[in-house]
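Input: a single structure, listed below in structure tokens.
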Amino acid sequence: MYLKDYSGRKYVIIGMFILMGILFLLRLFYLQIIDNSYKLSADNIVLRNIREYPPRGCVYDRSNNLLIYNEAAYDIMVIPRQVKKLDTLAFCRLLGIDTSVFIAQLKKAKRYSYYKPSVFLKQVSKQDMGKIEEKLFMYDGFYSQTRTLRHYTHPIAGHLFGNIGEVGQSDMEHDPFYKAGDYIGKSGIERYYEKFLRGKSGLTVVEVDVHNRVKGSYMEGKFDTLAVPGKDLVLTIDLNLQEYGEQLMQNKKGSVVAIDPKTGEILALISSPAYDPNLLVGRERTKNYNLLLNDSILPLMNRATMGTYPPGSTFKMVNALVALQENAITQNTYFSCQGKRTSPIKCTHDHVSPLKLDMAIQQSCNSYFWNTFNAILNNHKFRDVHKGYESWYRDVVSFGFGHGFKTDIPYEVGGNIPSKDYYDKAYNGRWNAMTVRSLSIGQGEILVTPIQLANLGVIIANKGSFYPPHFLKKLEGSDSLMTVFNKLYRTSVASLHFDIVQESMLEVFDGDHGTARYYRLDSIRQCGKTGTVQNPHGDDHSLFIAFAPMENPQIALAVVVENAGYGSTWAAPIASLMIEKFLKGGTKRLELEKKIMEVNLLDPNRSEKRKAQ
Amino acid sequence: MRNREYIFGNIDWLTVTLYLLLVLMGWLSIFTASAGEDIAGIFDFSERYGKQFIWIILAIILAIMILIVEAKFFSAFSFWIYGFLIVILIGVLFFGSMVAGSKSWFKIANFAIQPAEFAKFATALALARYLSTLNIDISQLKTKLYTLGILFFPAALILLQNDTGSALVYFAFALVLFREGFSGMIIVIGIVMGVLFVLTLLLGEYWVIAGLSAIGLLTFLLKKKWRKQFKLLLGIVIMASTFVFSVHYSFENVLEPHQKKRINVLLGIEQDLQGAGYNVNQSKIAIGSGGLTGKGFRNGMLTRNHFVPEQSTDFIFCTVGEEWGFFGTSVVVLTFLALLIRLVHMAERQRSRFSRIYGYGVASVLFFHIAINIGMTIGLAPVVGIPLPFFSYGGSSLWAFTILLFIFIKQDANRLNVL
Ligand SMILES: [Zn+2]
């Protein structure tokens, strides 16, 4: 039982109720009778929010040549509620559409909302809009909205630019910034720098009468906000080099990646077959996208960052460097080679025996590097092959292999350097150097991407260090991103060990027996290394890594040509031409240039024919 | 024992009339807000007014059913009903569907039910049942904890569904506790906390703490009575300062961006014509344009052009404002006020404590909904998505409020049978 009677408190409670009532009535009296600012004229003018779409940031190459810009386009909008009876045929003729499209689009809009605007016809070009605009006002419920479309000055670098498209449901849920019908970077640079490129949309509040005619700005624009244009982007790409590389690579499968060794700036990133980025713009986007998607040679795949290949002979230099660092061999260590009769790995190259490290790199001697690898794993330092392997693994990973660079590279994959655990699992812990011997010549489970191979060129050019490869040169008003890319990485191999590798790579071009001797240039001291990678599905892949000039490296690159046979046949001349283009602006080797541009390695009958000969 | 004919004999017809009046006004507003130019009839179930019509009919059947059931049923099964709703609230967290960012709906075929709406009457029942236990001593800590527990569980589960508005409703029960003899400090502390909250956001935490310290110092210097209580005074200042810091912290780190925005818009710190502020601004324009007498039924151009978002649910009051003007809004406000006062009056005439406490529960929940909902449409309260009782479009909310109210009408009708 209550000791005390609290019924008096009901007056406090009733008092609160009455207080609320009085507050509401006073406020309503003020809003509805005294304050005029909330009243609208007798014409029943309504407000409409008009979104003003900001122009997306433009993109430039490293010399400020325009690469991507915006072109005006128009969306025809509809508010189904306001659509009056109209001459459907004339309207369809005006827009250049079928009546079936008209019916379908109107139905779709109605399903979304009778009262809110829907896009009726997307991305009408400026030219078409000229005619339409004159007559559009006659059709109640329809109006146009200005949008912009991406346009590319050159039909190049589709993979790295990426493209934009309409936001999906999940984008909108993820980030309230987006409204239905907005564009968003779907891939490549457009996606990575979306937050900077997109800008901020503006809002104009206008008074509209019942006939949907704009009467003017609401409260003198007090609530309007201006659209903020997207930030411009300067890429590290060299337009001329990129374009030239794509020409060299046409009708071939593969990729070329060129990097400035001093900064990690990517000068060119070519994935072939390429596609014109203008294909993925505007009303044809979906159709073209599906065509590219279903093409059997996979033009949408960015081979430079997603294609993984065994590095083949190019990897011998890594094994040489690791062996020198771990004191498994010295520059004067000799190993013998019996050519095709050598075990466990035969050597297909013709050369003197026994031989030293410099000759072994130049001649790409398989038995020399098997012995080297064996010496690393059975290093007396560790007295345990598995410990030796772990040490080798750490050294190799420090070269940027086995993981992505995590910069602004779109869709990079990490490749694969098999871990000790992997072999423990695969062989129940019973394995030795012999079991994993393929690794000595860059075959087996090792997989690397072309961009990692180009980075290997950078590392050798810099004698052991590298900045992570990236695309951003300058972003309007934001320097903080750059610091991420300006971090210098060092491999675990000391600088002094790189000299012999550099000299051996110079001999690949300049030596009498060098595999790239036909592409030597008097004016540039080029360093390179061929690789030929066995491909179980067809002809061997042709690989080449290079940098130049030797005394002051300004470009390092990797070239991969799939199913092209020996590395020296196609990959080496492409690398050499790219170097010459970048350092000298062009080449005098016109015949070579022509031959490479014209050869078609995609011809499906080619390998058949060759076998038949 | 009472005869069957007497079932409707003793019920409070004034309350029933106010209920029917509000439901009717609500339906007319929904009709205006959702009907197009050509009306296919009130049974057009593709439109909201048609669906609401069905829901009103079902609500009335539900009300009659409650009046037929034995009055004792509800007190006897209070805890069972409460427990059942708690289970449902947990279930919705796992099996519910997302609607507008809240996971608070059960979808069965085309039909969606929002359990949070029904949890209110269940909580009111459980609270009434618990506090009417014989020999209960509300000064005991155990009683206080149990009471808070009864309120806390449903509120927490609803908060987990991301339905902040419906969870806040449970604060309304503070009025019930106040009436039943819990310290009036509950309400005073509540108000002080509210004031500190607003001041912290407006002025920043350091200014508020400086002000608090100054007030504490002045009290210490000027009031002799407090000088002896130095420790208590210091404790109060420190606790208030801690609260201010936690407000600042939770505002920055706990609230979602859209919730922050709504509060900032209300306090005038931020102007946002695209989001929350847009709704309120449009709503004020619609109400303001009604003037003294309004534009007449189905003549409100703003409401008919869907000028205010969510106007048949949370912003339904705009329609009244535009079409019926100040006359209309006054009638609605006064009808609600009359209902609330009538409910308090009825609660006080109960012989059983269960009925009285439940009656206060009904009044408090309705009061909270009315205060927040109308308050937000006229810019006096933050934009919290809770419906206007009996008015807003939606079956769950209409049924839940009908059940809430008619259980009490039944208890009241039966009051003379209680010994
Ligand atoms: Zn050999």
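Naming scheme: A, B, ... for chains in displayed order of the structure tokens; residues 1 onward per chain; ligands 1 onward as shown.
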At most 8 Å to chain A: residues in chain B, only C-alpha atoms, as a ChimeraX atom specification: /B:134-137,175,178-181,273,284-292,301-302,305-307,325-326,329-330,333-334,337,340-341,344,348,367,371,374-375,378
Nearby residues, ligand 1, 9 Å, only C-alpha atoms and all ligand atoms, as an NGL selection string: :A and (336-340 or 342 or 346-355 or 360 or 363-369)
Limited to N, CA, C and O atoms, could you put the picked residues into a file as an mmCIF file, in the first residue's frame?
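Below is the file part17.cif, written as the result:
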```cif
data_model
loop_
_atom_site.group_PDB
_atom_site.id
_atom_site.type_symbol
_atom_site.label_atom_id
_atom_site.label_comp_id
_atom_site.auth_asym_id
_atom_site.auth_seq_id
_atom_site.Cartn_x
_atom_site.Cartn_y
_atom_site.Cartn_z
ATOM 1 N N SER A 336 79.701 -25.508 -63.560
ATOM 2 C CA SER A 336 79.821 -26.069 -64.906
ATOM 3 C C SER A 336 78.450 -26.384 -65.475
ATOM 4 O O SER A 336 77.466 -26.483 -64.744
ATOM 5 N N CYS A 337 78.412 -26.510 -66.785
ATOM 6 C CA CYS A 337 77.137 -26.761 -67.450
ATOM 7 C C CYS A 337 77.363 -27.742 -68.580
ATOM 8 O O CYS A 337 78.265 -27.559 -69.391
ATOM 9 N N GLN A 338 76.598 -28.828 -68.616
ATOM 10 C CA GLN A 338 76.717 -29.810 -69.694
ATOM 11 C C GLN A 338 75.611 -29.651 -70.729
ATOM 12 O O GLN A 338 75.210 -30.617 -71.373
ATOM 13 N N GLY A 339 75.052 -28.452 -70.810
ATOM 14 C CA GLY A 339 74.017 -28.217 -71.823
ATOM 15 C C GLY A 339 72.819 -29.095 -71.609
ATOM 16 O O GLY A 339 72.321 -29.233 -70.496
ATOM 17 N N LYS A 340 72.413 -29.747 -72.727
ATOM 18 C CA LYS A 340 71.187 -30.537 -72.666
ATOM 19 C C LYS A 340 71.306 -31.761 -71.766
ATOM 20 O O LYS A 340 70.308 -32.367 -71.384
ATOM 21 N N THR A 342 72.681 -31.711 -68.776
ATOM 22 C CA THR A 342 72.795 -31.350 -67.365
ATOM 23 C C THR A 342 71.571 -31.813 -66.598
ATOM 24 O O THR A 342 70.457 -31.751 -67.088
ATOM 25 N N LYS A 346 68.044 -29.153 -67.475
ATOM 26 C CA LYS A 346 68.923 -29.054 -68.634
ATOM 27 C C LYS A 346 69.027 -27.617 -69.097
ATOM 28 O O LYS A 346 68.173 -26.789 -68.801
ATOM 29 N N CYS A 347 70.130 -27.343 -69.812
ATOM 30 C CA CYS A 347 70.355 -25.983 -70.297
ATOM 31 C C CYS A 347 70.298 -26.008 -71.811
ATOM 32 O O CYS A 347 70.945 -26.818 -72.448
ATOM 33 N N THR A 348 69.485 -25.110 -72.385
ATOM 34 C CA THR A 348 69.301 -25.138 -73.839
ATOM 35 C C THR A 348 70.191 -24.137 -74.552
ATOM 36 O O THR A 348 70.106 -23.973 -75.750
ATOM 37 N N HIS A 349 70.999 -23.409 -73.759
ATOM 38 C CA HIS A 349 71.803 -22.363 -74.379
ATOM 39 C C HIS A 349 73.223 -22.873 -74.635
ATOM 40 O O HIS A 349 73.755 -23.657 -73.870
ATOM 41 N N ASP A 350 73.812 -22.389 -75.708
ATOM 42 C CA ASP A 350 75.168 -22.795 -76.095
ATOM 43 C C ASP A 350 76.187 -21.841 -75.503
ATOM 44 O O ASP A 350 76.131 -20.648 -75.784
ATOM 45 N N HIS A 351 77.076 -22.350 -74.674
ATOM 46 C CA HIS A 351 78.061 -21.428 -74.099
ATOM 47 C C HIS A 351 79.224 -22.211 -73.517
ATOM 48 O O HIS A 351 79.180 -23.444 -73.433
ATOM 49 N N VAL A 352 80.270 -21.470 -73.088
ATOM 50 C CA VAL A 352 81.443 -22.104 -72.498
ATOM 51 C C VAL A 352 81.084 -22.707 -71.152
ATOM 52 O O VAL A 352 80.088 -22.325 -70.544
ATOM 53 N N SER A 353 81.875 -23.633 -70.664
ATOM 54 C CA SER A 353 81.657 -24.201 -69.341
ATOM 55 C C SER A 353 83.008 -24.611 -68.791
ATOM 56 O O SER A 353 83.858 -25.091 -69.543
ATOM 57 N N PRO A 354 83.257 -24.454 -67.466
ATOM 58 C CA PRO A 354 82.387 -23.768 -66.491
ATOM 59 C C PRO A 354 82.328 -22.254 -66.739
ATOM 60 O O PRO A 354 83.179 -21.727 -67.450
ATOM 61 N N LEU A 355 81.367 -21.607 -66.087
ATOM 62 C CA LEU A 355 81.220 -20.171 -66.334
ATOM 63 C C LEU A 355 80.938 -19.410 -65.047
ATOM 64 O O LEU A 355 80.537 -19.977 -64.041
ATOM 65 N N ALA A 360 76.795 -16.165 -66.959
ATOM 66 C CA ALA A 360 75.587 -16.958 -66.714
ATOM 67 C C ALA A 360 74.340 -16.110 -66.922
ATOM 68 O O ALA A 360 73.338 -16.579 -67.472
ATOM 69 N N GLN A 363 74.044 -15.403 -70.722
ATOM 70 C CA GLN A 363 73.685 -16.594 -71.482
ATOM 71 C C GLN A 363 72.471 -17.306 -70.903
ATOM 72 O O GLN A 363 72.001 -18.290 -71.461
ATOM 73 N N SER A 364 72.006 -16.767 -69.747
ATOM 74 C CA SER A 364 70.813 -17.336 -69.127
ATOM 75 C C SER A 364 70.989 -18.831 -68.850
ATOM 76 O O SER A 364 70.087 -19.627 -69.094
ATOM 77 N N CYS A 365 72.112 -19.205 -68.299
ATOM 78 C CA CYS A 365 72.420 -20.617 -68.097
ATOM 79 C C CYS A 365 71.570 -21.226 -66.988
ATOM 80 O O CYS A 365 71.659 -20.842 -65.828
ATOM 81 N N ASN A 366 70.778 -22.222 -67.338
ATOM 82 C CA ASN A 366 69.881 -22.848 -66.364
ATOM 83 C C ASN A 366 70.645 -23.580 -65.269
ATOM 84 O O ASN A 366 70.308 -23.482 -64.094
ATOM 85 N N SER A 367 71.702 -24.298 -65.649
ATOM 86 C CA SER A 367 72.391 -25.083 -64.624
ATOM 87 C C SER A 367 73.099 -24.189 -63.624
ATOM 88 O O SER A 367 73.158 -24.489 -62.444
ATOM 89 N N TYR A 368 73.625 -23.035 -64.102
ATOM 90 C CA TYR A 368 74.280 -22.118 -63.172
ATOM 91 C C TYR A 368 73.304 -21.678 -62.082
ATOM 92 O O TYR A 368 73.624 -21.677 -60.901
ATOM 93 N N PHE A 369 72.065 -21.360 -62.480
ATOM 94 C CA PHE A 369 71.117 -20.832 -61.491
ATOM 95 C C PHE A 369 70.481 -21.929 -60.634
ATOM 96 O O PHE A 369 70.096 -21.677 -59.505
#
```
Selection: 7 Å around segment 311-320 of chain B, only C-alpha atoms, excl. self and same-chain fewer than 2 positions, as JSON, numbers by chain: {"B": [29, 30, 33, 283, 286, 287, 303, 308, 309, 322, 323, 324, 325, 328, 329, 373, 374, 377, 385, 386, 387, 388, 392, 393]}
Could you turn the residues from that selection into a file that holds N, CA and C atoms, as a compact mmCIF listing (two decimals), in the first residue's frame?
```txt
# COMPACT_ATOMS: atom_id res chain seq x y z
N SER B 29 -7.32 13.23 -44.24
CA SER B 29 -6.01 13.79 -44.59
C SER B 29 -5.23 12.84 -45.49
N ILE B 30 -5.29 11.57 -45.17
CA ILE B 30 -4.59 10.58 -46.00
C ILE B 30 -5.22 10.55 -47.39
N ALA B 33 -3.94 13.42 -49.28
CA ALA B 33 -2.51 13.32 -49.57
C ALA B 33 -2.20 12.25 -50.59
N SER B 283 7.31 21.48 -44.72
CA SER B 283 6.17 21.28 -43.85
C SER B 283 5.67 22.61 -43.31
N ALA B 286 3.86 24.45 -46.02
CA ALA B 286 2.52 23.89 -46.26
C ALA B 286 1.55 24.34 -45.18
N ILE B 287 1.96 24.26 -43.93
CA ILE B 287 1.07 24.65 -42.84
C ILE B 287 0.80 26.16 -42.89
N THR B 303 0.14 19.84 -50.61
CA THR B 303 0.04 18.45 -50.19
C THR B 303 -0.29 17.56 -51.36
N VAL B 308 5.58 17.88 -49.46
CA VAL B 308 6.25 17.48 -48.22
C VAL B 308 6.50 15.97 -48.27
N PRO B 309 7.74 15.56 -48.08
CA PRO B 309 8.01 14.12 -48.09
C PRO B 309 7.31 13.42 -46.92
N GLU B 322 -2.68 22.85 -44.21
CA GLU B 322 -2.87 23.53 -45.49
C GLU B 322 -4.35 23.62 -45.87
N GLU B 323 -5.08 22.54 -45.68
CA GLU B 323 -6.45 22.52 -46.19
C GLU B 323 -7.48 23.10 -45.22
N TRP B 324 -7.20 23.03 -43.94
CA TRP B 324 -8.19 23.51 -42.97
C TRP B 324 -7.72 24.70 -42.16
N GLY B 325 -6.49 25.14 -42.42
CA GLY B 325 -6.00 26.36 -41.80
C GLY B 325 -5.88 26.27 -40.30
N GLY B 328 -8.61 24.35 -38.49
CA GLY B 328 -8.43 22.90 -38.51
C GLY B 328 -7.37 22.43 -37.53
N THR B 329 -6.21 23.10 -37.56
CA THR B 329 -5.13 22.65 -36.67
C THR B 329 -5.54 22.82 -35.21
N ASN B 373 5.50 14.50 -32.67
CA ASN B 373 5.08 14.51 -34.07
C ASN B 373 4.62 15.89 -34.52
N ILE B 374 3.66 16.48 -33.81
CA ILE B 374 3.20 17.82 -34.23
C ILE B 374 4.34 18.81 -34.04
N THR B 377 6.58 18.84 -37.07
CA THR B 377 6.05 19.43 -38.31
C THR B 377 6.00 20.95 -38.23
N GLY B 385 11.22 10.10 -36.47
CA GLY B 385 10.16 9.46 -37.25
C GLY B 385 9.20 8.64 -36.41
N ILE B 386 8.26 9.31 -35.72
CA ILE B 386 7.20 8.55 -35.05
C ILE B 386 5.86 9.09 -35.53
N PRO B 387 4.85 8.19 -35.61
CA PRO B 387 3.57 8.60 -36.20
C PRO B 387 2.70 9.43 -35.25
N LEU B 388 1.74 10.14 -35.84
CA LEU B 388 0.74 10.87 -35.06
C LEU B 388 -0.38 9.86 -34.77
N SER B 392 -1.79 9.05 -38.62
CA SER B 392 -0.82 8.68 -39.64
C SER B 392 -1.24 7.42 -40.39
N TYR B 393 -0.84 7.38 -41.65
CA TYR B 393 -1.07 6.20 -42.47
C TYR B 393 -0.29 5.02 -41.91
```
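In this structure, atom CA of Ser246 of chain B sits 9.5 Å away from atom CA of Glu205 of chain B.
Residue-level DSSP output for segment 140-269 of chain A, from the backbone, shows alpha helix (DSSP H) at Gly158, His159, Leu160, Phe161, Gln169, Ser170, Asp171, Met172, Glu173, His174, Gly188, Ile189, Glu190, Arg191, Tyr192, Glu194, Lys195, Phe196, Leu197, Leu239, Asn240, Leu241, Gln242, Glu243, Tyr244, Gly245, Glu246, Gln247 and Leu248 of chain A.
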Top pick for closest residue to Tyr467 of chain A, considering A:Asp522, A:Thr435, A:Lys262, A:Gly586 and counting only C-alpha atoms: A:Lys262
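The interatomic distance for the pair atom CA of Tyr74 of chain A and atom CA of Ser125 of chain A works out to 6.4 Å.
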Shell around Leu405 of chain B at 9 Å using only C-alpha atoms, local window under 2 positions removed, as a PyMOL selection string: chain B and resi 19+63+121+359+362-363+400-403+407-410
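Minimum atom-to-atom distances from A:Asp540, A:Tyr411, A:Ala304, A:Gly464 to Leu557 of chain A were compared using only C-alpha atoms, and the lowest value belongs to A:Ala304.
Proximity of A:Lys406, A:Lys107, A:Arg341, A:Arg525 to Pro468 of chain A, computed with only C-alpha atoms, is greatest for A:Lys406.
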For Val365 of chain B, list every protein, DNA or RNA residue within 9 Å, evaluated using only C-alpha atoms, and leave out those in the same chain fewer than 3 positions away; present the list as a short mmCIF file (atom, residue, chain, number, x, y, z; two decimals) with C-alpha atoms, in the first residue's frame.
```cif
data_model
loop_
_atom_site.label_atom_id
_atom_site.label_comp_id
_atom_site.auth_asym_id
_atom_site.auth_seq_id
_atom_site.Cartn_x
_atom_site.Cartn_y
_atom_site.Cartn_z
CA LYS B 120 4.12 -0.03 -26.25
CA PHE B 121 0.82 -1.39 -24.94
CA ALA B 124 2.27 -0.39 -20.33
CA VAL B 169 8.85 6.77 -26.63
CA TYR B 170 9.78 4.78 -23.53
CA PHE B 171 10.92 7.98 -21.85
CA ALA B 172 7.23 8.85 -21.74
CA PHE B 173 6.72 6.32 -18.94
CA TYR B 360 -1.49 6.88 -17.16
CA GLY B 361 0.65 4.74 -19.43
CA VAL B 362 -1.82 5.28 -22.28
CA PHE B 368 4.85 11.79 -26.23
CA HIS B 369 3.77 10.90 -29.76
CA ILE B 370 1.61 13.99 -30.15
#
```
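Proximity to Ser118 of chain A at 7 Å, evaluated using only C-alpha atoms and with sequence-adjacent residues fewer than 4 positions away removed, yields Met77, Val78, Ile79 and Ala109 of chain A.
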Could you write those residues out with N, CA, C and O atoms, as a compact mmCIF listing (two decimals), in the first residue's frame?
```
# COMPACT_ATOMS: atom_id res chain seq x y z
N MET A 77 13.65 14.45 -68.60
CA MET A 77 13.03 13.98 -67.37
C MET A 77 11.52 13.98 -67.53
O MET A 77 10.97 14.72 -68.35
N VAL A 78 10.87 13.15 -66.70
CA VAL A 78 9.41 13.15 -66.74
C VAL A 78 8.86 13.08 -65.32
O VAL A 78 9.43 12.43 -64.44
N ILE A 79 7.77 13.82 -65.08
CA ILE A 79 7.01 13.69 -63.84
C ILE A 79 5.64 13.17 -64.25
O ILE A 79 4.80 13.91 -64.76
N ALA A 109 8.66 4.94 -65.17
CA ALA A 109 8.66 6.15 -64.35
C ALA A 109 7.49 6.13 -63.37
O ALA A 109 7.63 6.48 -62.20
```
Residue nearest Ile61 of chain B - candidates B:Ala167, B:Phe406, B:Leu218, B:Phe230, atoms counted: only C-alpha atoms: B:Phe406
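Assigned to strand (DSSP E or B) in segment 310-529 of chain A, given DSSP computed from backbone atoms, are A:Phe335, A:Leu355, A:Asn416, A:Leu447, A:Val448, A:Ser465, A:Phe466, A:His470, A:Leu472, A:Lys473, A:Lys474, A:Leu475, A:Tyr489, A:Arg490, A:Cys527, A:Gly528, A:Lys529.
Candidate residues B:Leu28, B:Met239, B:Leu398, B:Leu85 were compared for distance to Met193 of chain B, and the nearest is B:Met239, using only C-alpha atoms.
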Residue contacts of Gly312 of chain A (7 Å, only C-alpha atoms) excluding same-chain residues fewer than 4 positions away, as a list in words: Ile441, Gly442, Gln443, Gly531, Thr532 and Val533 of chain A
Atoms kept (N, CA, C and O atoms) for selection, written as a PDB file, in the first residue's frame:
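The resulting file, again-v4.pdb, is shown below:
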```pdb
ATOM      1  N   ILE A 441      64.827 -21.147 -61.931  1.00  0.00           N
ATOM      2  CA  ILE A 441      64.798 -20.508 -63.254  1.00  0.00           C
ATOM      3  C   ILE A 441      63.476 -19.783 -63.484  1.00  0.00           C
ATOM      4  O   ILE A 441      63.042 -19.556 -64.605  1.00  0.00           O
ATOM      5  N   GLY A 442      62.785 -19.398 -62.377  1.00  0.00           N
ATOM      6  CA  GLY A 442      61.571 -18.568 -62.501  1.00  0.00           C
ATOM      7  C   GLY A 442      60.378 -19.302 -63.053  1.00  0.00           C
ATOM      8  O   GLY A 442      59.488 -18.691 -63.644  1.00  0.00           O
ATOM      9  N   GLN A 443      60.363 -20.633 -62.858  1.00  0.00           N
ATOM     10  CA  GLN A 443      59.191 -21.392 -63.293  1.00  0.00           C
ATOM     11  C   GLN A 443      58.523 -21.994 -62.067  1.00  0.00           C
ATOM     12  O   GLN A 443      58.870 -21.639 -60.938  1.00  0.00           O
ATOM     13  N   GLY A 531      63.323 -13.213 -71.325  1.00  0.00           N
ATOM     14  CA  GLY A 531      62.755 -14.363 -70.637  1.00  0.00           C
ATOM     15  C   GLY A 531      61.808 -15.046 -71.595  1.00  0.00           C
ATOM     16  O   GLY A 531      61.111 -14.385 -72.352  1.00  0.00           O
ATOM     17  N   THR A 532      61.853 -16.360 -71.571  1.00  0.00           N
ATOM     18  CA  THR A 532      60.915 -17.105 -72.392  1.00  0.00           C
ATOM     19  C   THR A 532      60.205 -18.048 -71.444  1.00  0.00           C
ATOM     20  O   THR A 532      60.858 -18.814 -70.737  1.00  0.00           O
ATOM     21  N   VAL A 533      58.912 -17.934 -71.417  1.00  0.00           N
ATOM     22  CA  VAL A 533      58.190 -18.691 -70.404  1.00  0.00           C
ATOM     23  C   VAL A 533      57.376 -19.778 -71.049  1.00  0.00           C
ATOM     24  O   VAL A 533      56.570 -19.521 -71.936  1.00  0.00           O
TER      25      VAL A 533
END
```
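Distances to Val384 of chain B were evaluated for B:Gln140, B:Asn414, B:Thr335, B:Asn279 using only C-alpha atoms, and the minimum falls at B:Asn279.
You will find atom CA of Tyr393 of chain A at 16.9 Å from atom CA of Leu453 of chain A.
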